[in-house]
Each structure stands twice: as structure tokens, then as C-alpha cells.
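Okay, structure first, notes after.
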Amino acid sequence: MVEVAPWWMALALPGAVLLIVVGVEITESLLRARTAGSPTAVAATAPLRSAALLLLQQRRRVVGADVPLWRCAGVALLTAGVLAAALIPVGGQVVLDSGVGVVWFNAAEVVAWAAVWLAGWGSNSAFALVGGYRFIAQGLAYELPHMLALTTAALGAGSLRIADIVAAQEDQWFIVIMPVAFAVYLLSVPAIAFRAPFDAPTGADIAGGVAAELSGVDRLVLAAGQRVLFVAAAAMAVPLFLGGGAGPLLPAWSWLLIKTLAVLAVLIWLGRRWPTIRMSRYTEVAWIVLLPLILLQALVVSLVVVR
């Protein structure tokens, strides 16, 4: 039974997600330092120093930029990430409970489309605009397989409520009976948050893409939104496919955290092992390979549920 969380948990949620984000950033910084042979002590504090410098940095102004749209992009992306995280059940409680939680989660992610496009369009910069178009192309490629992966989990539980999906995995986790859906969902997580290897919208070949002209607080908020969305989407894999907080000995919130960190470790490894994937190649694989596979997976799950 999942209950609506008290008000203090709702206030603490953004801080808890940001702590995980900081941990992920420090881990990636340490891995980069180890690969380059740099001192790890300096690398451990690099993300915090970068954030402090952005807070102190003056905002850059671009001639002809649509400033309200441009600066709202980061706020919209950060809001989408927090709202997505609010739908995840934690220890029998959830900040936002809904009978159509899967739909709300997907809707929160779709806000990222508008946010990234605003950053590209509003800056009045060719490189940023190209980055925005790249993300739209990426979104069109990942969204259908991603949405069908969510739908497959909902089919297995016979409900769109995330708490019901967790309860349906009491005897067997969905990763066992729908591994294709889990794999497709994992592949879509870095694409949603335009992280490696799906980081073409912010590629070095276009001077940083959608973030090319952002500076100071604006750049920090957009980066925070990107990372919060990444962590929230990775954490959602736990209630959808990994049994939520189910596990021996430890409390439910501990198992949710452990499983989330495991999913994040896999995604970080994936981002470090694969180079940035071209939009043309990713679109081709998404439409020709991933979409038929996830449709077949959804068909098998629906037949099993009907039986």
C-alpha cells in the first residue's frame, strides 16, 4: 500500500535528488581523472568548483536573443526532472500519486523537448539551433520505443499507477519477463537527458550545441535540469522493472537507492564505452530495430496477461 508522502518529504525530494546528482558528477569526474592520470583529489571537488564558478560568472547576452524563452529553458528542464522524480514510490510513500502515473511520468519527460528547443531557438545562435534540431530528431527516435517500454510495464500490471506496477512484481520482477522492454528503457534514459553516448545536441562539433551561448546561472540551471532528469529517469527503472523497494533485510528506501545506483553505474559505463552516436545512425536503429522489438515484447506480455 502506497501513501501520499507528508509535506516535508515533498520539500526534501529536490535536495535528495541533487545529492545523487552531485555523487554521479563526482564519480564521473574521478573516472575521467583516472583515465587521464590526473590527481583524484582535485577531480573530486571539480564539479563543486565548476558550479561555484558558474554562480559567480556574469550572464552573457547575445544580440537578438529571445531572453525570456532562452532563460526559461533551464527552469523548465529542471522542473520536469523534479516532477518525474516525485512520481517514484519511496518506502511505501510517494510525493505525487496518480492513477495514470506512467502517463504523467512520460509527460514530464516530454517537457524536455520544449525546454531544449527553447534553449536552441531562443539564443539566436546557429550552433545552438542545430543542437535543438538534433534533440528534436533524437526525441522522435527514442520517444516511441520509450513510450512502448512504459506501456509494456503497465500491461504487465494491468494498471497505469506506478504503485500497482510495483505490487505486481511481488512474485517476479518484470526484468525477467520483459527483458527487451527493460533494455529499451535503459537505452532511452541517456537519450532523454542527452547524455553520452546520445549527447549530440551538446556536441563539441557544434561548440556545445544548445548550451553554446549559455553562461553563469543560466548554464548551471540547464546542466542541473539535465542531470536531475537523468537521475529521475534512471530511478524510475526500479519501480517499473526491478521490483521497487523489494529486498531482504534492508528497508525499502535503501533497496530503491541501491538499485538506482546500480542502474546509474550501468548507464555511466555505457556512456564511457560508446562514442557519441550520430543522429542518422540512432534514428535508423530506433525505427528499424528497437521499435519492432518493443512491439513484439508488448504483444507477448499482453497475450500472457490476457491468458
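Ordering of the C-alpha cells sets the chain letters (A, B, ...); residue numbers start at 1 within each chain; ligands are numbered from 1 in the order shown.
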Could you produce a table of the residues of stretch 195-275 of chain A lying within 6 Å of stretch 63-78 of chain A, with the nearest pair of atoms per residue and their separation in Å rounded to one decimal, using only C-alpha atoms, ordered by chain and increasing residue number, as a Markdown table?
```
| residue | atom | partner | partner_atom | distance |
| --- | --- | --- | --- | --- |
| A:Val221 | CA | A:Gly74 | CA | 5.1 |
| A:Leu222 | CA | A:Gly74 | CA | 3.9 |
| A:Gly225 | CA | A:Leu78 | CA | 3.6 |
```
Next, write the just-selected residues to a file, as a tab-separated table (two decimals), in the first residue's frame, keeping C-alpha atoms as the atom set.
```tsv
chain	number	residue	atom	x	y	z
A	221	VAL	CA	20.33	25.58	-14.16
A	222	LEU	CA	20.23	23.86	-17.57
A	225	GLY	CA	17.99	20.07	-15.06
```
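Of the listed residues (A:Val103, A:Leu56, A:Leu30, A:Leu11), A:Leu30 comes nearest to A:Val42; the distances count only C-alpha atoms.
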Quiz item: If you run DSSP on the backbone, which residues of stretch 242-284 of chain A are alpha helix (DSSP H), as a PyMOL selection string?
Solution: chain A and resi 252-273+279-284
Quiz item: Expressed in Å to a single decimal, how great is the separation between atom CA of A:Met147 and atom CA of A:Tyr185?
Solution: 8.6 Å
Quiz item: Residues at most 12 Å from A:Asp205, counting only C-alpha atoms, excluding those fewer than 3 positions away in the same chain, as a ChimeraX atom specification?
Solution: /A:127-128,130-131,199-202,208-210,212,276,278
Quiz item: Contacts of A:Arg60 at 8 Å or less, counting only C-alpha atoms, minus same-chain residues fewer than 3 places along, as a PyMOL selection string?
Solution: chain A and resi 213-216
